[in-house]
Number of protein chains: 2
Amino acid sequence: MDDSTEYLHAHQELVDRVKEDLPEDEVLYDLAELFKIFGDSTRVKLLYILSLSEMCVFDLAQLLGVTQSAVSHQLRALKASKLVRYRREGKTVFYALADGHVRTILDQGLEHVEE
Amino acid sequence: MDDSTEYLHAHQELVDRVKEDLPEDEVLYDLAELFKIFGDSTRVKLLYILSLSEMCVFDLAQLLGVTQSAVSHQLRALKASKLVRYRREGKTVFYALADGHVRTILDQGLEHVEE
DNA sequence: ATAACAAATGAACAAATGCTCATATGTTCT
DNA sequence: AGAACATATGAGCATTTGTTCATTTGTTAT
């Protein structure tokens, strides 16, 4: 080790190249925020259930064995991430998945988990 | 509302049917644990970087602008979830993605985020 | 208008998380 | 063996998170 043009340790060229190919910081932040939603068993169950069928809050709570309040709070998070949509029918509110991505993401995850 | 055979509120048949199609509780729990890993911007960046190239701890820390310790702690979590593998070369340890699922999951997430 | 029910919301609190700092382990070179 | 360097680990701490309880909002029926 004597060459002053040599990088101390960091493989600077590699680092620079990768840095260029990296998405914007903000995008990766949003990505993490999205996955954070999937990173809770109550919410994952909600999403999986809704991938099977639209369902009302009361039934969701019963199916999950948690309070209506807990479900409602979590649905709020899912709504904020645009993962679910809902429609009101009288006193009842039915939730459903917003689009197909969700199921794809869940399935990819399941593939990893189930090996 | 008079029929005694009618369910009070819960759409019991639907609930029961969905319940059958739902994966084991433990599987969904593991699934949430997996996504929890993706639900942090430091880790998501790590995973994205490693999807582009294998890299050593020092360089990862530099690229992310965090301490070596922080990266090391997070790599530990990634290791525990079998998302990365590593090889030692002298004093240096190089990390890489364990398999292709990771990139697929990231890409699906990005699709959702970028609309 | 009032009662009854479904869902949403706010406050509070326990548990989990991610960072930093200090230190330990592992490896190479002299 | 000892110094120097790369990485890993443990403890401590501030912050975030998910739940429950109490209350409010929205809707229907009397």
# chains A, B, ... in the order shown; residues from 1 in each chain; ligands from 1
call {"tool": "closest_atom_pairs", "arguments": {"of": "chain B", "to": "chain A", "cutoff": "7 Å", "atoms": "only C-alpha atoms", "output": "tab-separated table"}}
result
residue	atom	partner	partner_atom	distance
B:Ala10	CA	A:Asp59	CA	5.7
B:His11	CA	A:Asp59	CA	7.0
B:Val15	CA	A:Leu63	CA	6.7
B:Val18	CA	A:Leu52	CA	6.8
B:Leu28	CA	A:Ser41	CA	6.4
B:Tyr29	CA	A:Ser41	CA	5.3
B:Asp30	CA	A:Val113	CA	6.7
B:Leu31	CA	A:Gly109	CA	6.3
B:Ala32	CA	A:Gly39	CA	4.4
B:Glu33	CA	A:Gly39	CA	6.0
B:Phe35	CA	A:Gly39	CA	4.5
B:Lys36	CA	A:Gly39	CA	3.9
B:Phe38	CA	A:Phe35	CA	5.6
B:Gly39	CA	A:Lys36	CA	3.9
B:Asp40	CA	A:Ala32	CA	5.0
B:Ser41	CA	A:Ala32	CA	5.1
B:Val44	CA	A:Ala32	CA	6.2
B:Lys45	CA	A:Leu28	CA	6.7
B:Ile49	CA	A:Val18	CA	6.9
B:Leu52	CA	A:Val18	CA	6.8
B:Phe58	CA	A:Ala10	CA	6.9
B:Asp59	CA	A:Ala10	CA	5.7
B:Leu63	CA	A:Val15	CA	6.7
B:His101	CA	A:Gln108	CA	6.7
B:Ile105	CA	A:Ile105	CA	6.0
B:Gln108	CA	A:Ile105	CA	6.2
B:Gly109	CA	A:Leu31	CA	6.3
B:Leu110	CA	A:Leu31	CA	6.3
B:His112	CA	A:His101	CA	6.7
B:Val113	CA	A:Leu31	CA	6.3
call {"tool": "select_by_dssp", "arguments": {"residues": "segment 10-87 of chain A", "states": "strand (DSSP E)", "output": "number ranges by chain"}}
result
A: 55-56, 84-87
call {"tool": "write_last_selection", "arguments": {"atoms": "C-alpha atoms", "output": "mmCIF file, in the first residue's frame"}}
result
data_model
loop_
_atom_site.group_PDB
_atom_site.id
_atom_site.type_symbol
_atom_site.label_atom_id
_atom_site.label_comp_id
_atom_site.auth_asym_id
_atom_site.auth_seq_id
_atom_site.Cartn_x
_atom_site.Cartn_y
_atom_site.Cartn_z
ATOM 1 C CA MET A 55 -65.963 -7.384 3.824
ATOM 2 C CA CYS A 56 -67.467 -5.066 6.430
ATOM 3 C CA VAL A 84 -57.999 -0.384 0.107
ATOM 4 C CA ARG A 85 -61.165 1.290 -1.057
ATOM 5 C CA TYR A 86 -64.549 1.245 0.627
ATOM 6 C CA ARG A 87 -68.201 1.827 0.027
#
call {"tool": "interface_residues", "arguments": {"of": "chain D", "to": "chain B", "cutoff": "9 Å", "atoms": "only C-alpha atoms (C1' of nucleotides)", "output": "list in words"}}
result
DC5, DA6, DT7, DA8 and DT9 of chain D
call {"tool": "write_last_selection", "arguments": {"atoms": "C-alpha atoms (C1' of nucleotides)", "output": "PDB file, in the first residue's frame"}}
result
ATOM      1  C1'  DC D   5      -8.181  -2.341  10.443  1.00  0.00           C
ATOM      2  C1'  DA D   6     -13.039  -4.359   9.263  1.00  0.00           C
ATOM      3  C1'  DT D   7     -16.936  -6.021  11.247  1.00  0.00           C
ATOM      4  C1'  DA D   8     -20.031  -7.576  15.025  1.00  0.00           C
ATOM      5  C1'  DT D   9     -22.306  -7.099  19.308  1.00  0.00           C
TER       6       DT D   9
END
call {"tool": "interface_residues", "arguments": {"of": "chain C", "to": "chain B", "cutoff": "9 Å", "atoms": "only C-alpha atoms (C1' of nucleotides)", "output": "ChimeraX atom specification"}}
result
/C:18-20,26-28
call {"tool": "closest_residue", "arguments": {"among": "C:DT17, C:DT30, C:DT9, C:DT25", "to": "DT25 of chain D", "atoms": "only C-alpha atoms (C1' of nucleotides)"}}
result
C:DT9
call {"tool": "residues_around", "arguments": {"residues": "DA14 of chain C", "least_positions_apart": "5", "cutoff": "12 Å", "atoms": "only C-alpha atoms (C1' of nucleotides)", "output": "list in words"}}
result
DT17, DG18, DT19 and DT20 of chain D
call {"tool": "select_by_dssp", "arguments": {"residues": "chain A", "states": "helix (DSSP H, G or I)", "output": "PyMOL selection string"}}
result
chain A and resi 12-21+25-38+41-52+57-64+68-80+101-113
call {"tool": "write_last_selection", "arguments": {"atoms": "C-alpha atoms", "output": "PDB file, in the first residue's frame"}}
result
ATOM      1  CA  GLN A  12     -15.144   4.163  -4.791  1.00  0.00           C
ATOM      2  CA  GLU A  13     -15.900   3.360  -8.401  1.00  0.00           C
ATOM      3  CA  LEU A  14     -18.385   0.684  -7.433  1.00  0.00           C
ATOM      4  CA  VAL A  15     -19.980   2.916  -4.836  1.00  0.00           C
ATOM      5  CA  ASP A  16     -20.369   5.734  -7.350  1.00  0.00           C
ATOM      6  CA  ARG A  17     -21.824   3.486 -10.013  1.00  0.00           C
ATOM      7  CA  VAL A  18     -24.366   1.991  -7.650  1.00  0.00           C
ATOM      8  CA  LYS A  19     -25.240   5.410  -6.358  1.00  0.00           C
ATOM      9  CA  GLU A  20     -26.311   6.417  -9.843  1.00  0.00           C
ATOM     10  CA  ASP A  21     -28.569   3.432 -10.291  1.00  0.00           C
ATOM     11  CA  ASP A  25     -34.095   8.857  -1.668  1.00  0.00           C
ATOM     12  CA  GLU A  26     -37.697   9.926  -1.392  1.00  0.00           C
ATOM     13  CA  VAL A  27     -38.909   7.007  -3.480  1.00  0.00           C
ATOM     14  CA  LEU A  28     -37.090   4.533  -1.294  1.00  0.00           C
ATOM     15  CA  TYR A  29     -38.510   6.237   1.751  1.00  0.00           C
ATOM     16  CA  ASP A  30     -42.024   5.876   0.382  1.00  0.00           C
ATOM     17  CA  LEU A  31     -41.275   2.284  -0.481  1.00  0.00           C
ATOM     18  CA  ALA A  32     -40.308   1.585   3.113  1.00  0.00           C
ATOM     19  CA  GLU A  33     -43.484   3.309   4.286  1.00  0.00           C
ATOM     20  CA  LEU A  34     -45.493   1.036   2.023  1.00  0.00           C
ATOM     21  CA  PHE A  35     -43.860  -2.126   3.312  1.00  0.00           C
ATOM     22  CA  LYS A  36     -44.267  -0.919   6.865  1.00  0.00           C
ATOM     23  CA  ILE A  37     -47.986  -1.360   6.259  1.00  0.00           C
ATOM     24  CA  PHE A  38     -47.465  -5.001   5.355  1.00  0.00           C
ATOM     25  CA  SER A  41     -49.814  -9.292  11.309  1.00  0.00           C
ATOM     26  CA  THR A  42     -53.181  -7.615  11.829  1.00  0.00           C
ATOM     27  CA  ARG A  43     -52.779  -5.586   8.676  1.00  0.00           C
ATOM     28  CA  VAL A  44     -51.388  -8.470   6.664  1.00  0.00           C
ATOM     29  CA  LYS A  45     -54.373 -10.546   7.664  1.00  0.00           C
ATOM     30  CA  LEU A  46     -56.710  -7.725   6.719  1.00  0.00           C
ATOM     31  CA  LEU A  47     -55.091  -7.447   3.324  1.00  0.00           C
ATOM     32  CA  TYR A  48     -55.143 -11.167   2.739  1.00  0.00           C
ATOM     33  CA  ILE A  49     -58.797 -11.413   3.734  1.00  0.00           C
ATOM     34  CA  LEU A  50     -59.704  -8.535   1.472  1.00  0.00           C
ATOM     35  CA  SER A  51     -57.845 -10.217  -1.364  1.00  0.00           C
ATOM     36  CA  LEU A  52     -60.385 -13.017  -0.993  1.00  0.00           C
ATOM     37  CA  VAL A  57     -65.641  -3.792   9.499  1.00  0.00           C
ATOM     38  CA  PHE A  58     -67.679  -5.820  11.941  1.00  0.00           C
ATOM     39  CA  ASP A  59     -66.956  -9.090  10.159  1.00  0.00           C
ATOM     40  CA  LEU A  60     -63.300  -8.237   9.812  1.00  0.00           C
ATOM     41  CA  ALA A  61     -63.068  -7.678  13.545  1.00  0.00           C
ATOM     42  CA  GLN A  62     -64.781 -10.967  14.247  1.00  0.00           C
ATOM     43  CA  LEU A  63     -62.581 -12.864  11.804  1.00  0.00           C
ATOM     44  CA  LEU A  64     -59.415 -11.406  13.278  1.00  0.00           C
ATOM     45  CA  GLN A  68     -63.777  -3.069  16.088  1.00  0.00           C
ATOM     46  CA  SER A  69     -61.693  -0.113  17.107  1.00  0.00           C
ATOM     47  CA  ALA A  70     -58.413  -1.850  16.346  1.00  0.00           C
ATOM     48  CA  VAL A  71     -59.624  -2.876  12.914  1.00  0.00           C
ATOM     49  CA  SER A  72     -60.890   0.592  12.191  1.00  0.00           C
ATOM     50  CA  HIS A  73     -57.576   2.142  13.128  1.00  0.00           C
ATOM     51  CA  GLN A  74     -55.718  -0.262  10.888  1.00  0.00           C
ATOM     52  CA  LEU A  75     -58.100   0.208   7.994  1.00  0.00           C
ATOM     53  CA  ARG A  76     -57.343   3.876   8.297  1.00  0.00           C
ATOM     54  CA  ALA A  77     -53.675   3.139   7.719  1.00  0.00           C
ATOM     55  CA  LEU A  78     -54.519   0.969   4.728  1.00  0.00           C
ATOM     56  CA  LYS A  79     -56.705   3.717   3.321  1.00  0.00           C
ATOM     57  CA  ALA A  80     -53.946   6.278   3.750  1.00  0.00           C
ATOM     58  CA  HIS A 101     -50.562  -5.195  -6.611  1.00  0.00           C
ATOM     59  CA  VAL A 102     -51.368  -6.106  -3.076  1.00  0.00           C
ATOM     60  CA  ARG A 103     -52.048  -9.724  -3.834  1.00  0.00           C
ATOM     61  CA  THR A 104     -48.892  -9.956  -5.929  1.00  0.00           C
ATOM     62  CA  ILE A 105     -46.806  -8.545  -3.114  1.00  0.00           C
ATOM     63  CA  LEU A 106     -48.389 -10.903  -0.603  1.00  0.00           C
ATOM     64  CA  ASP A 107     -47.787 -13.889  -2.873  1.00  0.00           C
ATOM     65  CA  GLN A 108     -44.141 -13.021  -3.429  1.00  0.00           C
ATOM     66  CA  GLY A 109     -43.706 -12.731   0.300  1.00  0.00           C
ATOM     67  CA  LEU A 110     -45.434 -16.042   0.885  1.00  0.00           C
ATOM     68  CA  GLU A 111     -43.118 -17.706  -1.578  1.00  0.00           C
ATOM     69  CA  HIS A 112     -40.155 -16.519   0.420  1.00  0.00           C
ATOM     70  CA  VAL A 113     -41.669 -17.483   3.739  1.00  0.00           C
TER      71      VAL A 113
END
call {"tool": "residues_around", "arguments": {"residues": "DA11 of chain C", "least_positions_apart": "6", "cutoff": "12 Å", "atoms": "only C-alpha atoms (C1' of nucleotides)", "output": "VMD selection string"}}
result
chain D and resid 20 to 23
